[in-house]
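Chemist: Just passing along the structure, written as structure tokens.
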Amino acid sequence: MTGRQPSATAQAALDRLRGRALPKNHDARTISALAANPGCARRALMDAAGVDKQRVAAQAGFPAPFGQSRFAIVRGNAFEAQVKENGAAQLLILLRDLLKLDVSEVGYTDFNDVGGNSSAEVRHLHTRHVLTAPDQPGRTLLDHPLLRLKVGGRSAYLEPDLIALRLDGTFHVIEIKSFAVIDGQADPGKVAAAAIQSAVYVRALRDLVAEAGGDPAAVSHATILVAPRDFSSQPTAASLDVRRQLGVLDRQLSRIASIEDLLAQYPGTLTFDLDPDAQGRPRRPAAELTAAIGQVAANYAPECLATCELCFLCRDEAGGTTGALGKPVREDLGGIEYIAQARSLARGQVPAPEQAEIAAQLLRAAQLREQVLGEAV
Amino acid sequence: MTLLTAFARAEAAASGRAQRIRTVRHVHLGRRPLVVIPLQLAGEACAPLAVMLGDDPGKARLLTVYEPRDRARRFEFAADLAEVILGHLDGYLPADDDPNDDPNEDPNQDPDNHRDQGAPAPEPLPDAPQLLVPNPNGAAFLRLLGRSTRLRRTDGEYAVRPTVPLLGRWLTHYAERAEVPGSVLLLPMTTALADHWATGQSDLEDANLAALLGWIDPADGLTGQQAARLAEDPVRCPPAGPVTDPTFDNEVLEGRMAAIRDATEAGDGPALARAQAAMDAALHSQLAPTWDLMWRAHALLAELPEAAHAQRRWKDDRWSFTAQAAWLREGGAPQPRRDSAVAAAKRLARLEREQQRLAVERAHDDPLVMAEYRLTGEAFAGTVVDADLTRLDTGGRKPKLRPWLIVQTADEVIVEPGALLTCPDYPSQSAKVIQIAGKNKNNDDDDNDNDDNQTTGATLVTLELSGGMGRALAAPPGSTPAEGDEVTYTTLRDDFQPAPQFPSREDTPWTHGGPPPEYVPTDDDAQEPWS
């Protein structure tokens with residue numbers, strides 16, 4: 001990754017974009033989402049500035065459709081606690097099978113706080129110190145180490161559930177999820193999300209090892225997914241090969257334009273500040289905020305509806321485009337960008353030369369529909 | 001997606017109303033379908049929270065699990081659900097004391113392979129119960145519920161009522177049958193609707209039943225888009241399940257469940273009854289809007305005339321129901337956790353065959369589906385401009401009846417001479433392409449062409465017919481198209497390859513793990529934790 005910190009001017013510009021709100025930091029989930037749509041300048045800029053997109057979307061009149069049920073949170077926390085209790089005894093048994101861990105490998109190190117200090121910087125330094133020390137006496141499982149990854153020139157702190165360290169010096173990222181694996185099968189969408197998140201941790205851990213002069217290959221691309229088995233709360237573990245996800249992630253992270261280049265495209269007056277009153281209640285008029293957001297181009301696709309807090313705003317803005325109907329529709333319509341244009345071509349508007357082929361097809365499609373349905377279209 | 005559907009979506013977006021992409025209904029609708037709307041507790045693998053079900057729009061039945069995280073409560077729920085669902089299924093089964101009604105004497109028959117048995121097939125039961133769920137996730141939830149109950153024991157530790165494993169086996173059967181292309185025994189409503197209408201939103205958004213119906217049948221004064229946006233508000237339109245609205249969980253459900261817990265611990269009977277009634281009411285408010293949507297969607301689909309081949313596929317569904325009923329009556333084992341290699345390969349081959357068959361049947365039943373093939377050049381429609389219906393092929397030892405037709409079409413024809421085509425109106429008749437002549441509209445610069453159709457361009461296709469005309473040397477009237485008829489010919493043919501030969505399970509090759517052990521449900525299966 002590019003190890004560059006944003007320059008002081010860039011940092012000041014990002015602070016101005018965010019306004020008076022506290023910065024929201026990247027986590028593995030947001031990095032995965034960003035990597036899924038690297039062409040979205042709006043998301044890249046807001047995430048780099050640490051903008052609370054949820055609040056901005058709400059103030060602009062398009063509250064995000066997300067929420068998490070407390071039942072799911074409680075269940076997820078209870079499962080993680082259960083897996084980790086007694087020095088992760090249940091997990092070690094599974095790992096002995098999966099990683100061929102030696103029976104003597106039982107050490108458990110908790111990184112959740114360092115001597116009572118739980119600041120991110122201290123925890124990260126401690127993690128780095130421990131993970132890159134020349135010898136690792138009795139460390140097998142590392143609980144919530146704090147890693148760091150540079151995204152678009154800005155650092156994000158990341159906290160994998162567990163990292164396993166074998167006697168031979170290889171690291172395995174462990175992700176604990178509470179979705180069930182039933183008869184050896186789990187929801188493919190959830191497994192894919194876990195894999196890309198694990199890949200983010202592998203990337204961050206490799207950077208850490210490399211910075212300390214170690215061999216990044218010591219961090220295995222075989223990550224471990226721990227999840228409840230069948231209908232029980234008993235854990236089961238499976239190896240996830242995240243090489244493909246690492247490739248995608250590296251490619252996408254490198255495509256996220258460096259933040260200075262992105263900032264240079266916008267006027268120095270642009271801000272997403274919500275103009276909070278003394279109680280922190282936002283006062284900025286929705287129209288003005290929407291106009292500010294509109295200055296930064298988005299790259300909306302229906303897939304955003306599952307991952308981005310701004311999705312309803314961007315969807316509204318994308319109305320009238322074929323892309324808002326989904327990528328397959330846009331492709332079937334020959335890549336024509338606007339619905340109105342596709343319809344004019346279907347009604348015989350003379351096409352530009354490069355659109356002659358799709359125009360003939362559209363004309364024919366309209367004729368066939370008319371012929372079969374017997375109604376003028 | 002096809003260009004025709006993509007274009008229909010663009011039209012829907014511009015007109016504010018969903019557009020029809022089928023002229024007929026390709027799904028059979030049961031006489032009295034059972035609507036089942038399951039809800040599950042968030043975060044759990046398969047913790048039923050509530051189900052609203054029934055076969056009468058005016059009589060919704062609500063079953064609630066007051067503590068979904070308690071396994072005993074879940075199995076009680078499963079028993080209650082079994083009572084309703086098995087009760088409904090019973091209405092379709094022959095009475096036990098009437099052996100003449102048993103259409104399937106051999107319990108060893110592969111339940112899904114009746115037509116391959118050689119002997120004249122007996123008839124399936126006259127009707128089968130159809131389950132309607134809101135969306136594919138609802139069907140997946142019933143599958144999991146089936147998986148978690150079908151292996152339970154009715155004796156020993158963790159015993160359940162006998163109806164619980166029986167329900168599990170039926171739900172598993174319905175869920176597995178739902179994977180067969182064209183099957184409607186277990187039908188997710190969003191799938192059925194999206195198959196017949198194109199909306200002006202993406203297919204991801206079509207997964208929301210309320211939004212999808214908003215486009216198809218918006219309330220008065222609203223455009224489809226406005227109706228769909230309103231439908232996305234979980235307060236106005238609670239999700240159709242099985243996942244609940246997180247805000248409902250946090251702001252309503254958690255409190256109601258806590259009240260029940262408190263009343264139970266305090267041993268306060270009246271308070272418990274009140275708390276349970278409050279939770280029932282909360283869940284009813286989440287489910288009732290979807291219940292109404294399901295019946296509205298059912299009515300919209302019912303308005304479309306049923307496609308000709310839907311009955312053929314429904315007969316297969318009836319067969320699958322009939323065979324499963326016979327299997328259960330004979331005391332057959334529950335479905336194993338995993339298919340054996342041979343069974344899985346057979347199943348895949350069958351699914352592929354059904355997929356192809358469905359595509360052909362739908363094109364033959366529906367000119368709007370056929371239009372997709374016309375657009376890609378795999379079919380053409382036109383008029384018979386010349387017909388020699390008494391033409392004989394005298395090249396062989398005996399003369400054979402081989403009529404010729406000349407079809408004039410404005411469609412683009414990309415088939416080559418020698419290709420074999422069929423006409424949906426004469427399915428058992430082959431038409432061989434002899435010659436393609438005339439002007440194609442893409443050759444506008446061809447000045448010497450003096451085709452009589454100057455405006456749209458026309459192609460003349462000469463076809464040689466064989467089959468479907470009897471054995472005589474003159475085709476009986478009506479067995480072939482005649483001059484002046486409007487016809488459609490397509491390369492899409494109903495010629496199924498015979499199923500490949502699969503080894504018996506005893507001969508499973510070592511590459512596929514060798515012969516699998518006979519599946520016997522174990523104590524381990526029956527006692528797996530369910531918490």
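The way I read the labels, and the way they are meant: chains A, B, ... in the order of the structure tokens, residue 1 as the first residue of every chain, and ligand 1 as the first ligand shown, with later ones counted on from there.
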Name all residues at most 8 Å from Leu39 (chain B) (count only C-alpha atoms; drop same-chain ones fewer than 6 positions away) and give them as a list in words.
Modeler: Pro48, Leu49, Ala50, Val51, Gly241, Pro242, Val243 and Thr244 of chain B
Chemist: For chain B versus chain A, which residues have an atom no more than 7 Å away, and what is each residue's nearest atom pair and distance in Å rounded to one decimal, using only C-alpha atoms, chain-then-number order, as a Markdown table?
Modeler:
```
| residue | atom | partner | partner_atom | distance |
| --- | --- | --- | --- | --- |
| B:Met1 | CA | A:Pro328 | CA | 6.6 |
| B:Thr2 | CA | A:Asp332 | CA | 6.5 |
| B:Leu3 | CA | A:Asp332 | CA | 5.1 |
| B:Leu4 | CA | A:Ala365 | CA | 5.7 |
| B:Ala6 | CA | A:Val329 | CA | 5.0 |
| B:Ala10 | CA | A:Ile339 | CA | 5.7 |
| B:Ala42 | CA | A:Ala72 | CA | 5.2 |
| B:Gly43 | CA | A:Ala72 | CA | 3.8 |
| B:Ala45 | CA | A:Ala180 | CA | 5.3 |
| B:Cys46 | CA | A:Phe231 | CA | 6.8 |
| B:Gly200 | CA | A:Leu325 | CA | 6.8 |
| B:Gln201 | CA | A:Leu325 | CA | 5.0 |
| B:Ser202 | CA | A:Leu325 | CA | 4.2 |
| B:Leu204 | CA | A:Pro302 | CA | 6.8 |
| B:Pro246 | CA | A:Ser69 | CA | 4.2 |
| B:Thr247 | CA | A:Gly67 | CA | 6.8 |
| B:Asp249 | CA | A:Ser69 | CA | 5.8 |
| B:Asn250 | CA | A:Arg70 | CA | 6.0 |
| B:Arg337 | CA | A:Asp183 | CA | 6.6 |
| B:Pro367 | CA | A:Val372 | CA | 6.5 |
| B:Leu368 | CA | A:Val372 | CA | 6.2 |
| B:Ala371 | CA | A:Leu368 | CA | 6.3 |
| B:Leu375 | CA | A:Ala365 | CA | 6.8 |
| B:Pro529 | CA | A:Ser232 | CA | 5.1 |
| B:Trp530 | CA | A:Phe231 | CA | 4.9 |
| B:Ser531 | CA | A:Ser232 | CA | 5.1 |
```
Chemist: Give the alpha helix (DSSP H) residues of region 101-215 of chain A, as assigned by DSSP on the backbone, as JSON, numbers by chain.
Modeler: {"A": [120, 121, 122, 123, 124, 125, 126, 127, 128, 129, 130, 131, 188, 189, 190, 191, 192, 193, 194, 195, 196, 197, 198, 199, 200, 201, 202, 203, 204, 205, 206, 207, 208, 209, 210, 211]}
Chemist: Can you tell me how far CA of Lys315 (chain B) sits from CA of Pro126 (chain B), in Å to one decimal?
Modeler: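 These two atoms are separated by 8.7 Å.
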Chemist: Where in region 183-417 of chain B does DSSP assign strand (DSSP E), given as a count of residues only?
Modeler: 25
Chemist: For region 225-235 of chain B, list every protein, DNA or RNA residue within 12 Å, evaluated using only C-alpha atoms, and leave out those in the same chain fewer than 6 positions away; present the list as a ChimeraX atom specification.
Modeler: /A:62-67,305,312,315-316,319-320 /B:12-18,199-202,205-219,241,243-249,251-252,285-287,289-290,293
Chemist: Output C-alpha atoms for every residue in that selection, as an mmCIF file, in the first residue's frame.
Modeler:
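The new file result.cif reads:
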```
data_model
loop_
_atom_site.group_PDB
_atom_site.id
_atom_site.type_symbol
_atom_site.label_atom_id
_atom_site.label_comp_id
_atom_site.auth_asym_id
_atom_site.auth_seq_id
_atom_site.Cartn_x
_atom_site.Cartn_y
_atom_site.Cartn_z
ATOM 1 C CA PHE A 62 -32.810 10.206 2.593
ATOM 2 C CA PRO A 63 -32.256 8.212 5.801
ATOM 3 C CA ALA A 64 -30.360 4.993 5.227
ATOM 4 C CA PRO A 65 -32.369 1.775 5.238
ATOM 5 C CA PHE A 66 -29.983 0.061 7.645
ATOM 6 C CA GLY A 67 -30.359 -1.009 11.174
ATOM 7 C CA LEU A 305 -28.599 -0.444 -1.501
ATOM 8 C CA PHE A 312 -31.342 6.331 -1.297
ATOM 9 C CA ARG A 315 -30.657 6.304 -6.246
ATOM 10 C CA ASP A 316 -32.910 9.335 -6.403
ATOM 11 C CA GLY A 319 -33.377 8.275 -11.685
ATOM 12 C CA GLY A 320 -33.768 8.143 -15.441
ATOM 13 C CA ALA B 12 -42.011 0.749 -17.074
ATOM 14 C CA ALA B 13 -39.644 3.319 -15.597
ATOM 15 C CA ALA B 14 -40.792 5.944 -18.084
ATOM 16 C CA SER B 15 -44.519 5.182 -17.827
ATOM 17 C CA GLY B 16 -44.571 4.689 -14.054
ATOM 18 C CA ARG B 17 -46.277 1.331 -14.375
ATOM 19 C CA ALA B 18 -44.963 -2.236 -14.596
ATOM 20 C CA THR B 199 -40.900 -3.040 -13.252
ATOM 21 C CA GLY B 200 -39.079 0.268 -13.544
ATOM 22 C CA GLN B 201 -36.652 -0.679 -10.782
ATOM 23 C CA SER B 202 -33.812 -3.184 -10.475
ATOM 24 C CA GLU B 205 -35.528 -3.989 -5.486
ATOM 25 C CA ASP B 206 -38.084 -6.399 -6.965
ATOM 26 C CA ALA B 207 -37.241 -8.761 -4.086
ATOM 27 C CA ASN B 208 -39.480 -6.563 -1.919
ATOM 28 C CA LEU B 209 -43.003 -7.919 -2.431
ATOM 29 C CA ALA B 210 -44.700 -4.649 -1.471
ATOM 30 C CA ALA B 211 -42.513 -2.576 -3.803
ATOM 31 C CA LEU B 212 -42.978 -5.059 -6.661
ATOM 32 C CA LEU B 213 -46.755 -4.941 -6.246
ATOM 33 C CA GLY B 214 -46.536 -1.157 -6.031
ATOM 34 C CA TRP B 215 -45.225 -1.103 -9.584
ATOM 35 C CA ILE B 216 -47.698 -3.679 -10.881
ATOM 36 C CA ASP B 217 -50.810 -2.384 -9.165
ATOM 37 C CA PRO B 218 -50.220 1.012 -7.551
ATOM 38 C CA ALA B 219 -52.853 2.554 -5.330
ATOM 39 C CA GLY B 241 -40.015 -11.887 6.138
ATOM 40 C CA VAL B 243 -36.229 -11.323 8.468
ATOM 41 C CA THR B 244 -38.022 -8.740 10.585
ATOM 42 C CA ASP B 245 -37.499 -4.986 10.615
ATOM 43 C CA PRO B 246 -34.593 -4.280 13.022
ATOM 44 C CA THR B 247 -36.368 -1.218 14.383
ATOM 45 C CA PHE B 248 -39.405 -3.359 15.202
ATOM 46 C CA ASP B 249 -37.080 -5.832 16.954
ATOM 47 C CA GLU B 251 -38.414 -0.948 19.796
ATOM 48 C CA VAL B 252 -41.282 -3.415 20.089
ATOM 49 C CA SER B 285 -49.298 -6.016 12.813
ATOM 50 C CA GLN B 286 -46.064 -7.096 11.121
ATOM 51 C CA LEU B 287 -47.629 -9.985 9.209
ATOM 52 C CA PRO B 289 -49.971 -6.318 5.557
ATOM 53 C CA THR B 290 -47.991 -9.080 3.838
ATOM 54 C CA LEU B 293 -50.349 -8.439 -0.380
#
```
Chemist: One decimal, Å: what's the distance from CA of Pro336 (chain B) over to CA of Leu145 (chain B), could you say?
Modeler: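 Calculated distance between CA of Pro336 (chain B) and CA of Leu145 (chain B) is 14.7 Å.
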